[in-house]
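For reference, upload.cif (mmCIF, C-alpha atoms):
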data_run
#
loop_
_atom_site.group_PDB
_atom_site.id
_atom_site.type_symbol
_atom_site.label_atom_id
_atom_site.label_comp_id
_atom_site.auth_asym_id
_atom_site.auth_seq_id
_atom_site.Cartn_x
_atom_site.Cartn_y
_atom_site.Cartn_z
ATOM 1 C CA MET S 24 -0.663 -11.818 -147.789
ATOM 2 C CA ALA S 25 2.774 -13.349 -148.148
ATOM 3 C CA LEU S 26 2.623 -15.256 -151.400
ATOM 4 C CA THR S 27 2.641 -13.444 -154.705
ATOM 5 C CA ILE S 28 2.710 -15.378 -157.946
ATOM 6 C CA THR S 29 3.893 -14.209 -161.341
ATOM 7 C CA CYS S 30 1.354 -15.115 -164.002
ATOM 8 C CA PRO S 31 2.916 -15.205 -167.495
ATOM 9 C CA ILE S 32 0.037 -13.077 -168.813
ATOM 10 C CA CYS S 33 -1.059 -10.833 -165.938
ATOM 11 C CA GLY S 34 2.253 -10.392 -164.103
ATOM 12 C CA LYS S 35 2.803 -10.467 -160.346
ATOM 13 C CA ARG S 36 -0.460 -10.906 -158.433
ATOM 14 C CA ASN S 37 -1.832 -11.736 -155.003
ATOM 15 C CA GLY S 38 -1.544 -15.467 -154.297
ATOM 16 C CA TYR S 39 -5.221 -15.647 -153.365
ATOM 17 C CA GLU S 40 -6.131 -15.169 -157.045
ATOM 18 C CA PHE S 41 -4.645 -18.575 -157.871
ATOM 19 C CA ARG S 42 -5.464 -22.230 -157.360
ATOM 20 C CA PHE S 43 -2.672 -24.686 -156.591
ATOM 21 C CA GLY S 44 -2.337 -27.418 -159.207
ATOM 22 C CA GLY S 45 0.198 -29.776 -157.635
ATOM 23 C CA GLU S 46 3.836 -30.570 -158.196
ATOM 24 C CA GLU S 47 5.251 -30.626 -161.691
ATOM 25 C CA LYS S 48 5.911 -34.341 -162.253
ATOM 26 C CA GLY S 49 7.030 -34.365 -165.852
ATOM 27 C CA PRO S 50 5.196 -35.935 -168.776
ATOM 28 C CA ARG S 51 2.367 -38.397 -168.266
ATOM 29 C CA PRO S 52 3.634 -42.026 -168.333
ATOM 30 C CA ALA S 53 3.394 -43.728 -171.739
ATOM 31 C CA GLU S 54 0.243 -45.839 -172.132
ATOM 32 C CA HIS S 55 1.835 -48.947 -173.643
ATOM 33 C CA GLU S 56 3.927 -49.937 -170.629
ATOM 34 C CA LEU S 57 1.658 -48.482 -167.996
ATOM 35 C CA ASN S 58 0.857 -50.626 -164.932
ATOM 36 C CA PRO S 59 -1.257 -49.719 -161.892
ATOM 37 C CA GLU S 60 1.789 -49.103 -159.683
ATOM 38 C CA THR S 61 3.356 -46.623 -162.109
ATOM 39 C CA TRP S 62 0.065 -44.818 -162.646
ATOM 40 C CA CYS S 63 -0.676 -44.672 -158.912
ATOM 41 C CA ASP S 64 2.819 -43.345 -158.276
ATOM 42 C CA TYR S 65 2.389 -40.659 -160.949
ATOM 43 C CA VAL S 66 -1.030 -39.544 -159.743
ATOM 44 C CA HIS S 67 -0.806 -39.795 -155.974
ATOM 45 C CA ASN S 68 2.799 -39.798 -154.774
ATOM 46 C CA ASN S 69 4.477 -36.448 -154.294
ATOM 47 C CA ASN S 70 7.997 -35.405 -153.405
ATOM 48 C CA CYS S 71 6.834 -32.770 -150.905
ATOM 49 C CA ALA S 72 10.226 -31.062 -151.094
ATOM 50 C CA ALA S 73 11.279 -28.984 -148.099
ATOM 51 C CA GLY S 74 12.787 -26.243 -150.233
ATOM 52 C CA VAL S 75 12.436 -25.200 -153.853
ATOM 53 C CA GLN S 76 9.981 -27.154 -155.977
ATOM 54 C CA ASN S 77 8.447 -26.692 -159.415
ATOM 55 C CA GLU S 78 4.672 -26.598 -159.266
ATOM 56 C CA TRP S 79 1.527 -25.860 -161.294
ATOM 57 C CA TRP S 80 -0.788 -22.950 -160.612
ATOM 58 C CA PHE S 81 -4.066 -21.838 -162.200
ATOM 59 C CA HIS S 82 -4.995 -18.136 -162.433
ATOM 60 C CA ARG S 83 -8.551 -18.726 -161.249
ATOM 61 C CA ASP S 84 -9.596 -15.088 -160.706
ATOM 62 C CA GLY S 85 -7.685 -13.758 -163.705
ATOM 63 C CA CYS S 86 -6.798 -14.940 -167.178
ATOM 64 C CA GLY S 87 -7.441 -18.654 -166.618
ATOM 65 C CA SER S 88 -3.907 -19.740 -167.519
ATOM 66 C CA TRP S 89 -2.159 -22.851 -166.196
ATOM 67 C CA PHE S 90 1.586 -22.393 -165.710
ATOM 68 C CA THR S 91 4.489 -23.509 -163.532
ATOM 69 C CA ILE S 92 6.571 -21.556 -161.053
ATOM 70 C CA PHE S 93 9.291 -22.399 -158.562
ATOM 71 C CA ARG S 94 8.332 -21.893 -154.927
ATOM 72 C CA ASN S 95 10.346 -22.321 -151.762
ATOM 73 C CA THR S 96 8.043 -24.335 -149.525
ATOM 74 C CA LEU S 97 9.987 -23.302 -146.419
ATOM 75 C CA THR S 98 9.430 -19.573 -146.951
ATOM 76 C CA ASN S 99 6.293 -19.817 -149.127
ATOM 77 C CA LEU S 100 7.833 -17.381 -151.618
ATOM 78 C CA GLU S 101 8.163 -17.621 -155.378
ATOM 79 C CA VAL S 102 11.825 -17.969 -156.378
ATOM 80 C CA ASP S 103 13.838 -18.086 -159.600
ATOM 81 C CA GLY S 104 14.084 -21.479 -161.266
ATOM 82 C CA PRO S 105 17.407 -23.236 -161.941
ATOM 83 C CA GLU S 106 17.522 -21.727 -165.479
ATOM 84 C CA GLU S 107 17.269 -18.159 -164.200
ATOM 85 C CA THR S 108 19.712 -18.822 -161.352
ATOM 86 C CA ASN S 109 22.363 -20.227 -163.746
ATOM 87 C CA GLU S 110 22.158 -17.267 -166.116
ATOM 88 C CA MET X 10 -46.982 -13.866 -180.180
ATOM 89 C CA GLU X 11 -45.563 -11.783 -177.395
ATOM 90 C CA ASN X 12 -41.877 -11.046 -177.308
ATOM 91 C CA ILE X 13 -39.802 -12.201 -174.376
ATOM 92 C CA LYS X 14 -38.891 -9.220 -172.234
ATOM 93 C CA LYS X 15 -35.225 -9.018 -171.349
ATOM 94 C CA LEU X 16 -34.168 -7.577 -168.002
ATOM 95 C CA SER X 17 -30.796 -6.154 -167.119
ATOM 96 C CA PRO X 18 -29.066 -7.844 -164.151
ATOM 97 C CA VAL X 19 -28.304 -4.321 -162.882
ATOM 98 C CA VAL X 20 -31.021 -2.326 -161.123
ATOM 99 C CA PHE X 21 -30.424 1.174 -159.754
ATOM 100 C CA LYS X 22 -32.671 2.828 -157.179
ATOM 101 C CA ALA X 23 -32.561 6.113 -159.129
ATOM 102 C CA ARG X 24 -35.608 7.158 -161.173
ATOM 103 C CA PRO X 25 -35.182 7.110 -164.958
ATOM 104 C CA VAL X 26 -36.095 10.249 -166.918
ATOM 105 C CA LYS X 27 -35.526 8.982 -170.441
ATOM 106 C CA THR X 28 -35.768 5.378 -171.559
ATOM 107 C CA GLU X 29 -35.805 3.536 -174.837
ATOM 108 C CA VAL X 30 -36.914 -0.009 -175.675
ATOM 109 C CA ARG X 31 -34.216 -1.759 -177.646
ATOM 110 C CA ASP X 32 -34.185 -5.443 -178.546
ATOM 111 C CA ASN X 33 -37.024 -6.192 -176.057
ATOM 112 C CA GLN X 34 -35.116 -4.481 -173.267
ATOM 113 C CA THR X 35 -35.700 -1.123 -171.615
ATOM 114 C CA VAL X 36 -32.515 0.904 -171.774
ATOM 115 C CA VAL X 37 -32.208 3.919 -169.478
ATOM 116 C CA LEU X 38 -30.783 6.937 -171.288
ATOM 117 C CA GLU X 39 -30.874 9.327 -168.332
ATOM 118 C CA TYR X 40 -31.688 9.269 -164.618
ATOM 119 C CA VAL X 41 -33.061 12.024 -162.416
ATOM 120 C CA GLY X 42 -30.372 14.263 -160.926
ATOM 121 C CA GLU X 43 -27.357 13.013 -162.840
ATOM 122 C CA GLU X 44 -25.602 16.401 -162.567
ATOM 123 C CA LEU X 45 -21.845 15.900 -162.571
ATOM 124 C CA GLY X 46 -20.045 12.584 -162.267
ATOM 125 C CA PRO X 47 -18.493 10.312 -161.321
ATOM 126 C CA TYR X 48 -20.975 7.998 -162.957
ATOM 127 C CA LEU X 49 -21.816 4.324 -162.841
ATOM 128 C CA THR X 50 -23.566 3.270 -166.040
ATOM 129 C CA ASP X 51 -25.260 -0.027 -166.765
ATOM 130 C CA LEU X 52 -24.213 -1.248 -170.199
ATOM 131 C CA SER X 53 -25.389 -4.848 -169.808
ATOM 132 C CA HIS X 54 -27.561 -4.500 -172.934
ATOM 133 C CA LYS X 55 -24.468 -3.910 -175.117
ATOM 134 C CA ILE X 56 -23.687 -7.015 -177.151
ATOM 135 C CA ARG X 57 -20.579 -8.964 -176.224
ATOM 136 C CA TRP X 58 -18.823 -12.051 -177.547
ATOM 137 C CA ASP X 59 -15.956 -14.306 -176.616
ATOM 138 C CA VAL X 60 -13.782 -15.430 -179.494
ATOM 139 C CA GLN X 61 -11.796 -18.608 -179.065
ATOM 140 C CA ASP X 62 -9.563 -20.273 -181.609
ATOM 141 C CA SER X 63 -6.121 -21.889 -181.718
ATOM 142 C CA ASN X 64 -5.234 -19.493 -184.543
ATOM 143 C CA LEU X 65 -6.747 -16.301 -183.155
ATOM 144 C CA ASP X 66 -4.584 -14.040 -185.300
ATOM 145 C CA ALA X 67 -6.396 -15.255 -188.416
ATOM 146 C CA ILE X 68 -9.747 -13.989 -187.094
ATOM 147 C CA LYS X 69 -10.709 -10.386 -187.714
ATOM 148 C CA PRO X 70 -13.968 -9.498 -185.930
ATOM 149 C CA TRP X 71 -15.846 -7.068 -188.187
ATOM 150 C CA GLY X 72 -12.608 -6.424 -190.063
ATOM 151 C CA ILE X 73 -10.635 -5.413 -186.959
ATOM 152 C CA ALA X 74 -7.379 -7.174 -186.079
ATOM 153 C CA ILE X 75 -7.230 -8.707 -182.591
ATOM 154 C CA PRO X 76 -4.217 -7.352 -180.637
ATOM 155 C CA GLU X 77 -1.324 -9.838 -180.620
ATOM 156 C CA THR X 78 -0.346 -9.447 -176.974
ATOM 157 C CA PRO X 79 -2.585 -10.552 -174.078
ATOM 158 C CA GLY X 80 -3.678 -7.524 -172.090
ATOM 159 C CA LEU X 81 -3.875 -5.195 -175.081
ATOM 160 C CA SER X 82 -7.164 -3.799 -176.366
ATOM 161 C CA VAL X 83 -8.227 -1.926 -179.455
ATOM 162 C CA LEU X 84 -11.207 0.442 -179.800
ATOM 163 C CA GLU X 85 -12.301 0.824 -183.416
ATOM 164 C CA ASN X 86 -15.624 1.514 -185.138
ATOM 165 C CA GLY X 87 -17.496 1.181 -181.841
ATOM 166 C CA PHE X 88 -16.010 -2.256 -181.093
ATOM 167 C CA LEU X 89 -13.666 -2.835 -178.162
ATOM 168 C CA ILE X 90 -11.569 -5.960 -178.685
ATOM 169 C CA ASN X 91 -9.509 -7.315 -175.786
ATOM 170 C CA ARG X 92 -6.862 -10.014 -176.088
ATOM 171 C CA MET X 93 -7.274 -12.280 -173.046
ATOM 172 C CA ASN X 94 -4.691 -15.016 -173.631
ATOM 173 C CA ARG X 95 -3.146 -17.088 -176.419
ATOM 174 C CA THR X 96 -6.466 -18.456 -177.661
ATOM 175 C CA GLN X 97 -9.180 -16.070 -176.414
ATOM 176 C CA ALA X 98 -10.354 -12.518 -176.955
ATOM 177 C CA SER X 99 -13.479 -10.644 -175.949
ATOM 178 C CA VAL X 100 -15.407 -8.310 -178.223
ATOM 179 C CA TRP X 101 -17.647 -5.614 -176.741
ATOM 180 C CA HIS X 102 -19.862 -3.544 -179.014
ATOM 181 C CA LEU X 103 -19.978 -0.077 -177.451
ATOM 182 C CA ALA X 104 -21.424 2.223 -180.084
ATOM 183 C CA GLY X 105 -23.220 2.279 -183.392
ATOM 184 C CA GLU X 106 -25.929 0.178 -184.996
ATOM 185 C CA LYS X 107 -26.443 -3.363 -183.739
ATOM 186 C CA PRO X 108 -24.011 -5.533 -185.739
ATOM 187 C CA ASP X 109 -24.982 -8.750 -187.518
ATOM 188 C CA ASP X 110 -24.297 -11.964 -185.639
ATOM 189 C CA PRO X 111 -20.948 -13.433 -186.684
ATOM 190 C CA ASP X 112 -21.201 -16.607 -188.755
ATOM 191 C CA ASP X 113 -18.270 -18.445 -187.212
ATOM 192 C CA SER X 114 -18.118 -21.140 -184.531
ATOM 193 C CA ALA X 115 -15.237 -19.285 -182.842
ATOM 194 C CA TYR X 116 -17.728 -16.739 -181.448
ATOM 195 C CA THR X 117 -19.885 -17.242 -178.363
ATOM 196 C CA GLU X 118 -22.279 -14.485 -177.410
ATOM 197 C CA THR X 119 -21.903 -13.695 -173.698
ATOM 198 C CA THR X 120 -24.272 -10.719 -173.391
ATOM 199 C CA ASP X 121 -26.857 -12.501 -171.255
ATOM 200 C CA ALA X 122 -24.274 -14.349 -169.154
ATOM 201 C CA THR X 123 -22.500 -11.316 -167.756
ATOM 202 C CA MET X 124 -23.151 -7.873 -166.381
ATOM 203 C CA PHE X 125 -21.374 -4.917 -167.953
ATOM 204 C CA VAL X 126 -20.892 -1.504 -166.357
ATOM 205 C CA ALA X 127 -18.840 1.635 -166.874
ATOM 206 C CA LEU X 128 -17.289 3.701 -164.113
ATOM 207 C CA THR X 129 -16.387 7.149 -165.420
ATOM 208 C CA GLY X 130 -15.211 10.473 -164.040
ATOM 209 C CA ARG X 131 -12.168 12.066 -162.460
ATOM 210 C CA GLU X 132 -12.424 9.976 -159.263
ATOM 211 C CA THR X 133 -12.706 6.633 -161.089
ATOM 212 C CA PHE X 134 -9.387 5.236 -159.896
ATOM 213 C CA ALA X 135 -9.872 6.473 -156.321
ATOM 214 C CA ILE X 136 -13.130 4.507 -156.206
ATOM 215 C CA ALA X 137 -11.561 1.443 -157.827
ATOM 216 C CA GLU X 138 -8.731 1.499 -155.278
ATOM 217 C CA LYS X 139 -11.272 0.826 -152.544
ATOM 218 C CA LEU X 140 -12.519 -2.287 -154.334
ATOM 219 C CA THR X 141 -9.400 -4.056 -155.565
ATOM 220 C CA SER X 142 -5.628 -4.196 -155.326
ATOM 221 C CA LEU X 143 -5.330 -4.122 -159.136
ATOM 222 C CA ASP X 144 -3.723 -1.002 -160.593
ATOM 223 C CA PHE X 145 -5.803 0.368 -163.473
ATOM 224 C CA ALA X 146 -3.790 3.553 -163.946
ATOM 225 C CA VAL X 147 -0.530 2.000 -165.085
ATOM 226 C CA PRO X 148 1.537 4.856 -166.540
ATOM 227 C CA ASP X 149 3.526 2.688 -168.958
ATOM 228 C CA LYS X 150 0.390 1.271 -170.574
ATOM 229 C CA LYS X 151 -1.617 3.169 -173.150
ATOM 230 C CA ALA X 152 -5.405 3.000 -172.789
ATOM 231 C CA PRO X 153 -7.385 1.031 -173.689
ATOM 232 C CA PHE X 154 -5.886 -2.034 -172.014
ATOM 233 C CA LEU X 155 -7.273 -5.115 -170.303
ATOM 234 C CA LEU X 156 -6.709 -6.494 -166.825
ATOM 235 C CA GLN X 157 -8.233 -9.751 -165.639
ATOM 236 C CA GLY X 158 -8.625 -10.084 -161.906
ATOM 237 C CA PRO X 159 -10.882 -9.610 -158.906
ATOM 238 C CA ILE X 160 -12.969 -6.550 -158.053
ATOM 239 C CA ALA X 161 -14.593 -6.951 -154.641
ATOM 240 C CA HIS X 162 -13.303 -10.569 -154.792
ATOM 241 C CA VAL X 163 -15.301 -11.285 -157.987
ATOM 242 C CA PRO X 164 -13.341 -12.343 -161.096
ATOM 243 C CA CYS X 165 -13.769 -9.629 -163.732
ATOM 244 C CA GLN X 166 -12.473 -8.440 -167.073
ATOM 245 C CA ILE X 167 -11.605 -4.771 -166.667
ATOM 246 C CA VAL X 168 -10.634 -2.344 -169.403
ATOM 247 C CA THR X 169 -9.098 1.031 -168.655
ATOM 248 C CA LEU X 170 -10.701 3.178 -171.353
ATOM 249 C CA ALA X 171 -9.081 6.477 -170.435
ATOM 250 C CA GLN X 172 -6.607 7.618 -167.768
ATOM 251 C CA ASN X 173 -6.197 11.245 -168.585
ATOM 252 C CA GLY X 174 -6.743 13.600 -165.623
ATOM 253 C CA GLU X 175 -10.431 14.562 -165.711
ATOM 254 C CA HIS X 176 -11.156 11.988 -168.392
ATOM 255 C CA CYS X 177 -10.909 8.616 -166.655
ATOM 256 C CA GLY X 178 -13.000 5.554 -167.247
ATOM 257 C CA LEU X 179 -13.185 1.831 -166.597
ATOM 258 C CA LEU X 180 -15.371 -0.814 -168.159
ATOM 259 C CA PHE X 181 -15.845 -4.152 -166.547
ATOM 260 C CA THR X 182 -17.785 -7.376 -166.813
ATOM 261 C CA CYS X 183 -18.384 -10.227 -164.402
ATOM 262 C CA SER X 184 -20.836 -13.098 -164.080
ATOM 263 C CA ARG X 185 -24.457 -11.939 -164.146
ATOM 264 C CA GLY X 186 -25.295 -13.429 -160.759
ATOM 265 C CA TYR X 187 -22.934 -11.070 -158.946
ATOM 266 C CA ALA X 188 -24.524 -7.951 -160.449
ATOM 267 C CA GLN X 189 -26.572 -6.579 -157.567
ATOM 268 C CA SER X 190 -23.890 -7.273 -154.951
ATOM 269 C CA MET X 191 -21.267 -5.643 -157.154
ATOM 270 C CA ILE X 192 -23.404 -2.571 -157.795
ATOM 271 C CA GLY X 193 -24.009 -2.222 -154.051
ATOM 272 C CA ALA X 194 -20.268 -2.492 -153.321
ATOM 273 C CA ILE X 195 -19.315 0.023 -156.032
ATOM 274 C CA LEU X 196 -21.933 2.599 -155.047
ATOM 275 C CA GLU X 197 -20.914 2.280 -151.403
ATOM 276 C CA ALA X 198 -17.234 2.744 -152.292
ATOM 277 C CA GLY X 199 -18.089 5.754 -154.455
ATOM 278 C CA GLU X 200 -20.438 7.441 -151.990
ATOM 279 C CA GLU X 201 -17.758 9.769 -150.600
ATOM 280 C CA PHE X 202 -16.911 10.865 -154.157
ATOM 281 C CA GLY X 203 -20.520 11.514 -155.164
ATOM 282 C CA LEU X 204 -20.792 8.466 -157.437
ATOM 283 C CA ARG X 205 -24.259 8.206 -158.954
ATOM 284 C CA PRO X 206 -26.066 6.092 -161.544
ATOM 285 C CA ALA X 207 -26.142 7.508 -165.047
ATOM 286 C CA GLY X 208 -27.905 6.539 -168.236
ATOM 287 C CA GLU X 209 -26.402 5.505 -171.525
ATOM 288 C CA THR X 210 -26.295 9.091 -172.847
ATOM 289 C CA ALA X 211 -23.660 10.074 -170.274
ATOM 290 C CA PHE X 212 -21.496 7.143 -171.317
ATOM 291 C CA ASN X 213 -21.892 7.961 -175.023
ATOM 292 C CA LYS X 214 -20.728 11.515 -174.283
ATOM 293 C CA PHE X 215 -17.711 10.130 -172.437
ATOM 294 C CA LEU X 216 -16.920 7.833 -175.346
ATOM 295 C CA THR X 217 -16.977 10.618 -177.926
ATOM 296 C CA GLN X 218 -14.718 12.927 -175.898
#
Can you turn what I pasted into structure tokens?
Amino acid sequence: MALTITCPICGKRNGYEFRFGGEEKGPRPAEHELNPETWCDYVHNNNCAAGVQNEWWFHRDGCGSWFTIFRNTLTNLEVDGPEETNE
Amino acid sequence: MENIKKLSPVVFKARPVKTEVRDNQTVVLEYVGEELGPYLTDLSHKIRWDVQDSNLDAIKPWGIAIPETPGLSVLENGFLINRMNRTQASVWHLAGEKPDDPDDSAYTETTDATMFVALTGRETFAIAEKLTSLDFAVPDKKAPFLLQGPIAHVPCQIVTLAQNGEHCGLLFTCSRGYAQSMIGAILEAGEEFGLRPAGETAFNKFLTQ
């Protein structure tokens, strides 16, 4: 068990308690100028960063919260986000 | 017209000595050979609700304030109220007369959807350690408090009721369908500590201590 994830409600837990929810891609595109290409890009295309990325997780076996964390995809470890690092 | 008979999802192999029919359900008050604990008690007949609302702080189940912080619980007038997250709390009625059904759409009764058991006795946490990596005896938390996580890989709500030397106890609920597998896993984990099924009377004694 390498990955631990910090749930905002339950604290640090075993990664197996969580479900991956994909990369954080920012707000959903506005409806009024939406075209199929933009929508397809938002839904299906990922950055797949080799390094630190911001991503969604769901605490499936715990409190049921959705939240984001930063994870280094090269080490598969949760890391501090840019805000925490700059402090 | 005949009443519908309710059955608990939990069945112990032990032989009951004292039983009572309550709300069309046979409740075991005592089993043969209970002796000393640790005890596993089926409380699935105790009424439970989920409360969900965007403004949870404005709701006071039976006049009791819901704790503000997720993970905190309050035991008052026989009701145990556990704050689960920003919008949800669970209410477990542990003692006293059956309360009236709440007249509010924020409440959903979950009694028949889940199983509910108590694990009590000095060896409670030693048994729990064999079933989960969760730490129920957190020294900086004051009982009662809620943890949400897996026991034997099954998502549960677990409340540490007491963590005081001889007087230790956990309550937990999970989906009804897991009941028999969970009971088997708990009894097997507790075998070396002498864990045995107990009736409701043993739990009531624990609660009043």
Q.
Give me the residues near Thr96 in chain X as a list in words, where near means some atom within 8 Å (using all atoms listed in the file) and where sequence neighbours in that chain fewer than 4 positions away do not count.
A. Gln61, Asp62, Ser63, Asn64 and Leu65 of chain X
Could those residues be written to a file, using C-alpha atoms, as a compact mmCIF listing (two decimals), in the coordinates of the input?
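Dumped to out.txt:
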# COMPACT_ATOMS: atom_id res chain seq x y z
CA GLN X 61 -11.80 -18.61 -179.06
CA ASP X 62 -9.56 -20.27 -181.61
CA SER X 63 -6.12 -21.89 -181.72
CA ASN X 64 -5.23 -19.49 -184.54
CA LEU X 65 -6.75 -16.30 -183.16
Q | Distance-based interface of chain X with chain S, 12 Å, counting only C-alpha atoms, as a VMD selection string | A | chain X and resid 78 to 81 91 to 99 141 to 144 154 to 167 183 to 184
Q | Non-local contacts of Pro52 in chain S (9 Å; all atoms listed in the file; under 3 positions in same chain excluded) as a ChimeraX atom specification | A | /S:49,55-57,61-62,65
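Distance-wise, CA of Ala152 in chain X and CA of Gly203 in chain X end up 24.7 Å apart.
Between CA of Asn69 in chain S and CA of Thr27 in chain S lies a distance of 23.1 Å.
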Q) Quick one: residues within 6 Å of range 51-54 of chain X, all atoms listed in the file counted, chain neighbours fewer than 4 positions away excluded, as a ChimeraX atom specification? A) /X:124-126
Write to file, as a PDB file, keeping the file's coordinate frame, the residues of the selection just made, with C-alpha atoms.
ATOM      1  CA  MET X 124     -23.151  -7.873-166.381  1.00  0.00           C
ATOM      2  CA  PHE X 125     -21.374  -4.917-167.953  1.00  0.00           C
ATOM      3  CA  VAL X 126     -20.892  -1.504-166.357  1.00  0.00           C
TER       4      VAL X 126
END
Could you add the missing atoms to range 129-136 of chain X, up to all heavy atoms, and return them as a PDB file, in the frame of the given file?
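New file result.pdb:
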ATOM      1  N   THR X 129     -17.057   6.029-164.746  1.00  0.00           N
ATOM      2  CA  THR X 129     -16.387   7.149-165.420  1.00  0.00           C
ATOM      3  C   THR X 129     -16.346   8.388-164.528  1.00  0.00           C
ATOM      4  O   THR X 129     -17.188   8.567-163.653  1.00  0.00           O
ATOM      5  CB  THR X 129     -17.125   7.512-166.733  1.00  0.00           C
ATOM      6  OG1 THR X 129     -18.504   7.754-166.434  1.00  0.00           O
ATOM      7  CG2 THR X 129     -17.026   6.413-167.761  1.00  0.00           C
ATOM      8  N   GLY X 130     -15.350   9.226-164.799  1.00  0.00           N
ATOM      9  CA  GLY X 130     -15.211  10.473-164.040  1.00  0.00           C
ATOM     10  C   GLY X 130     -13.827  10.587-163.431  1.00  0.00           C
ATOM     11  O   GLY X 130     -13.070   9.611-163.386  1.00  0.00           O
ATOM     12  N   ARG X 131     -13.508  11.784-162.957  1.00  0.00           N
ATOM     13  CA  ARG X 131     -12.168  12.066-162.460  1.00  0.00           C
ATOM     14  C   ARG X 131     -11.771  11.149-161.297  1.00  0.00           C
ATOM     15  O   ARG X 131     -10.619  10.773-161.138  1.00  0.00           O
ATOM     16  CB  ARG X 131     -12.106  13.533-162.005  1.00  0.00           C
ATOM     17  CG  ARG X 131     -10.711  14.027-161.721  1.00  0.00           C
ATOM     18  CD  ARG X 131     -10.729  15.454-161.246  1.00  0.00           C
ATOM     19  NE  ARG X 131     -11.608  15.601-160.094  1.00  0.00           N
ATOM     20  CZ  ARG X 131     -11.813  16.739-159.440  1.00  0.00           C
ATOM     21  NH1 ARG X 131     -11.232  17.833-159.851  1.00  0.00           N
ATOM     22  NH2 ARG X 131     -12.606  16.799-158.397  1.00  0.00           N
ATOM     23  N   GLU X 132     -12.736  10.764-160.466  1.00  0.00           N
ATOM     24  CA  GLU X 132     -12.424   9.976-159.263  1.00  0.00           C
ATOM     25  C   GLU X 132     -12.482   8.467-159.506  1.00  0.00           C
ATOM     26  O   GLU X 132     -12.455   7.689-158.549  1.00  0.00           O
ATOM     27  CB  GLU X 132     -13.407  10.347-158.139  1.00  0.00           C
ATOM     28  CG  GLU X 132     -13.379  11.809-157.730  1.00  0.00           C
ATOM     29  CD  GLU X 132     -14.282  12.679-158.597  1.00  0.00           C
ATOM     30  OE1 GLU X 132     -14.813  12.159-159.605  1.00  0.00           O
ATOM     31  OE2 GLU X 132     -14.444  13.868-158.297  1.00  0.00           O
ATOM     32  N   THR X 133     -12.564   8.053-160.754  1.00  0.00           N
ATOM     33  CA  THR X 133     -12.706   6.633-161.089  1.00  0.00           C
ATOM     34  C   THR X 133     -11.694   5.743-160.366  1.00  0.00           C
ATOM     35  O   THR X 133     -12.053   4.743-159.746  1.00  0.00           O
ATOM     36  CB  THR X 133     -12.553   6.444-162.615  1.00  0.00           C
ATOM     37  OG1 THR X 133     -13.634   7.108-163.254  1.00  0.00           O
ATOM     38  CG2 THR X 133     -12.562   4.976-163.002  1.00  0.00           C
ATOM     39  N   PHE X 134     -10.414   6.121-160.447  1.00  0.00           N
ATOM     40  CA  PHE X 134      -9.387   5.236-159.896  1.00  0.00           C
ATOM     41  C   PHE X 134      -9.370   5.268-158.369  1.00  0.00           C
ATOM     42  O   PHE X 134      -8.998   4.283-157.730  1.00  0.00           O
ATOM     43  CB  PHE X 134      -8.019   5.591-160.475  1.00  0.00           C
ATOM     44  CG  PHE X 134      -7.978   5.427-161.973  1.00  0.00           C
ATOM     45  CD1 PHE X 134      -7.682   6.491-162.804  1.00  0.00           C
ATOM     46  CD2 PHE X 134      -8.284   4.207-162.548  1.00  0.00           C
ATOM     47  CE1 PHE X 134      -7.686   6.340-164.182  1.00  0.00           C
ATOM     48  CE2 PHE X 134      -8.287   4.040-163.925  1.00  0.00           C
ATOM     49  CZ  PHE X 134      -7.989   5.105-164.738  1.00  0.00           C
ATOM     50  N   ALA X 135      -9.778   6.400-157.785  1.00  0.00           N
ATOM     51  CA  ALA X 135      -9.872   6.473-156.321  1.00  0.00           C
ATOM     52  C   ALA X 135     -10.966   5.522-155.832  1.00  0.00           C
ATOM     53  O   ALA X 135     -10.825   4.877-154.786  1.00  0.00           O
ATOM     54  CB  ALA X 135     -10.173   7.908-155.888  1.00  0.00           C
ATOM     55  N   ILE X 136     -12.049   5.435-156.579  1.00  0.00           N
ATOM     56  CA  ILE X 136     -13.130   4.507-156.206  1.00  0.00           C
ATOM     57  C   ILE X 136     -12.664   3.070-156.387  1.00  0.00           C
ATOM     58  O   ILE X 136     -12.862   2.218-155.520  1.00  0.00           O
ATOM     59  CB  ILE X 136     -14.395   4.785-157.060  1.00  0.00           C
ATOM     60  CG1 ILE X 136     -14.915   6.192-156.781  1.00  0.00           C
ATOM     61  CG2 ILE X 136     -15.470   3.738-156.790  1.00  0.00           C
ATOM     62  CD1 ILE X 136     -15.947   6.689-157.776  1.00  0.00           C
TER      63      ILE X 136
END
